[in-house]
Amino acid sequence: EAFKINRLMADVAERYAILAGEKDVRFNFTLLSEDVVLWSNMGLVEQVLIILLDNAIKYTPKGGSISLYASLEEDMVKVSVSDTGIGIAAEDISYIFDRFYKVDKAHATQGTGLGLAIAFEIIQRLGERIVVESHPEEGSTFTFTLSRNPGPGIKSL
Ligand code: ATP
C-alpha cells in the first residue's frame, strides 16, 4: 500500500501535540522537505509511532519536550521520536525491546512492558530496523528506518 510519510506524521503529530500539551510537555515535529511516497503498511507504521510517542509522553516530566522528525537518506527514510525524559540506564537498554520488561525506576505501574516488544516485532516484519539511544536524566531517541523499496517482509502483510 502506498502512503505519504509526511501525511502520516502530520496526522499523528496533530493528536500528540494535544496530548503533550495537556501534560505541559512541548511537542516539536519536522516533516521531510520532499513529499516521499512509501510502499509499506501505514497502519503498522502508525502503530509503531503511537507506541513510541505514548512512551515519550509517559516518561517525560512536565516542562520537557518531545520531537518527532524524519530525515531522508539515499534509499530510506529515518523516523525518530526523541524526548527529554528520564532516559534509560545502560544496564537496561538491551532489554527494553523484550516482552514484559519494565525498568523499576520508571514507576510504570500502568504499563504492561509490551509496547516496545510489539514495535520491535512490527519493524522486523516490515524488514526494517529500530534503534535506541538514551542517557539517564537526559532523554531517549528511538529511530526506525523505512525503506523506499519494499522490505523482504512486505509481501506477506
Ligand atoms: P506499555 O507497553 O503498556 O506502555 P511500558 O511502557 O512499560 O508499557 P514498553 O513500551 O515495552 O512498556 O517499554 C519498556 C520499558 O522501557 C518501560 O517500562 C520503560 O521503563 C522503558 N522506556 C520505554 N520508553 C521509554 C522512554 N521514552 N524513556 C524512558 N524509558 C522508556
# chains A, B, ... in the order shown; residues from 1 in each chain; ligands from 1

$ select_by_dssp --residues "chain A" --states "helix (DSSP H, G or I)" --output "VMD selection string"
chain A and resid 5 to 22 42 to 58 90 to 93 104 to 106 115 to 125 154 to 156

$ residues_near_ligand --ligand "ligand 1" --cutoff "6 Å" --atoms "only C-alpha atoms and all ligand atoms" --output "JSON, numbers by chain"
{"A": [55, 56, 59, 85, 86, 87, 88, 96, 101, 102, 103, 106, 108, 111, 112, 113, 114, 115, 116, 117, 140]}

$ residues_around --residues "region 11-16 of chain A" --least-positions-apart "3" --cutoff "8 Å" --atoms "only C-alpha atoms" --output "compact mmCIF listing (two decimals) with N, CA and C atoms, in the first residue's frame"
# COMPACT_ATOMS: atom_id res chain seq x y z
N ARG A 7 2.31 12.85 5.46
CA ARG A 7 0.88 12.90 5.79
C ARG A 7 0.61 12.13 7.08
N LEU A 8 1.19 10.92 7.16
CA LEU A 8 1.00 10.12 8.38
C LEU A 8 1.58 10.84 9.59
N LEU A 19 -2.03 15.88 23.31
CA LEU A 19 -1.74 15.06 24.49
C LEU A 19 -0.53 15.59 25.26
N ALA A 20 0.50 16.02 24.53
CA ALA A 20 1.70 16.56 25.19
C ALA A 20 1.34 17.86 25.90
N PHE A 27 5.85 19.86 22.18
CA PHE A 27 5.87 18.88 21.10
C PHE A 27 6.36 19.55 19.83
N PHE A 29 7.67 18.95 15.74
CA PHE A 29 7.80 17.96 14.68
C PHE A 29 8.31 18.58 13.39
N GLU A 46 2.01 3.45 11.75
CA GLU A 46 1.30 4.32 12.70
C GLU A 46 1.33 3.72 14.11
N LEU A 49 4.62 4.38 15.71
CA LEU A 49 4.69 5.78 16.14
C LEU A 49 3.91 6.01 17.43
N ILE A 50 2.74 5.39 17.51
CA ILE A 50 1.89 5.54 18.70
C ILE A 50 2.59 4.98 19.94
N LEU A 53 5.49 7.35 20.83
CA LEU A 53 5.04 8.66 21.34
C LEU A 53 4.33 8.51 22.68
N LEU A 68 9.29 14.75 17.05
CA LEU A 68 9.05 13.73 16.02
C LEU A 68 9.65 14.29 14.74

$ closest_residue --among "A:Ala10, A:Val131, A:Leu72, A:Ala17" --to "Ser33 (chain A)" --atoms "only C-alpha atoms"
A:Leu72

$ residues_around --residues "Ile130 (chain A)" --least-positions-apart "5" --cutoff "9 Å" --atoms "only C-alpha atoms" --output "list in words"
Ala119, Phe120, Ile123, Gln124, Phe142, Thr143, Phe144 and Thr145 of chain A

$ atom_distance --atom1 "CA of Lys58 (chain A)" --atom2 "CA of Gly139 (chain A)"
12.2 Å

$ select_by_dssp --residues "chain A" --states "strand (DSSP E)" --output "VMD selection string"
chain A and resid 2 to 4 26 to 30 37 to 39 65 to 72 76 to 83 130 to 135 139 to 147

$ write_last_selection --atoms "C-alpha atoms" --output "PDB file, in the first residue's frame"
ATOM      1  CA  ALA A   2       1.365   3.407  -0.934  1.00  0.00           C
ATOM      2  CA  PHE A   3       1.232   6.265   1.530  1.00  0.00           C
ATOM      3  CA  LYS A   4       2.871   9.595   2.166  1.00  0.00           C
ATOM      4  CA  ARG A  26       6.431  20.699  24.359  1.00  0.00           C
ATOM      5  CA  PHE A  27       5.870  18.883  21.100  1.00  0.00           C
ATOM      6  CA  ASN A  28       8.005  19.606  18.025  1.00  0.00           C
ATOM      7  CA  PHE A  29       7.805  17.956  14.676  1.00  0.00           C
ATOM      8  CA  THR A  30       9.710  18.235  11.437  1.00  0.00           C
ATOM      9  CA  VAL A  37       5.682   8.107  -1.000  1.00  0.00           C
ATOM     10  CA  LEU A  38       6.457   4.837   0.764  1.00  0.00           C
ATOM     11  CA  TRP A  39       5.271   1.379  -0.104  1.00  0.00           C
ATOM     12  CA  SER A  65       9.899  18.246  25.242  1.00  0.00           C
ATOM     13  CA  ILE A  66       9.270  15.604  22.617  1.00  0.00           C
ATOM     14  CA  SER A  67      10.285  15.727  18.977  1.00  0.00           C
ATOM     15  CA  LEU A  68       9.055  13.735  16.024  1.00  0.00           C
ATOM     16  CA  TYR A  69      11.186  14.114  12.918  1.00  0.00           C
ATOM     17  CA  ALA A  70      12.153  12.375   9.724  1.00  0.00           C
ATOM     18  CA  SER A  71      15.234  12.502   7.591  1.00  0.00           C
ATOM     19  CA  LEU A  72      15.826  11.296   4.093  1.00  0.00           C
ATOM     20  CA  MET A  76      15.412   5.136   3.158  1.00  0.00           C
ATOM     21  CA  VAL A  77      13.548   7.444   5.467  1.00  0.00           C
ATOM     22  CA  LYS A  78      14.583   7.544   9.122  1.00  0.00           C
ATOM     23  CA  VAL A  79      11.895   8.452  11.615  1.00  0.00           C
ATOM     24  CA  SER A  80      12.851   9.482  15.145  1.00  0.00           C
ATOM     25  CA  VAL A  81      10.943  10.074  18.340  1.00  0.00           C
ATOM     26  CA  SER A  82      13.090  11.940  20.810  1.00  0.00           C
ATOM     27  CA  ASP A  83      12.332  13.049  24.349  1.00  0.00           C
ATOM     28  CA  ILE A 130      14.789   0.186  15.111  1.00  0.00           C
ATOM     29  CA  VAL A 131      17.467   1.515  17.448  1.00  0.00           C
ATOM     30  CA  VAL A 132      17.521   3.486  20.673  1.00  0.00           C
ATOM     31  CA  GLU A 133      19.980   5.922  22.129  1.00  0.00           C
ATOM     32  CA  SER A 134      19.408   7.072  25.665  1.00  0.00           C
ATOM     33  CA  HIS A 135      21.071   8.739  28.621  1.00  0.00           C
ATOM     34  CA  GLY A 139      16.344  11.584  27.436  1.00  0.00           C
ATOM     35  CA  SER A 140      15.904   8.993  24.742  1.00  0.00           C
ATOM     36  CA  THR A 141      15.770   8.824  20.971  1.00  0.00           C
ATOM     37  CA  PHE A 142      14.163   5.907  19.145  1.00  0.00           C
ATOM     38  CA  THR A 143      14.866   5.772  15.408  1.00  0.00           C
ATOM     39  CA  PHE A 144      13.444   3.386  12.838  1.00  0.00           C
ATOM     40  CA  THR A 145      14.041   3.002   9.129  1.00  0.00           C
ATOM     41  CA  LEU A 146      11.512   2.834   6.316  1.00  0.00           C
ATOM     42  CA  SER A 147      12.931   1.639   3.034  1.00  0.00           C
TER      43      SER A 147
END
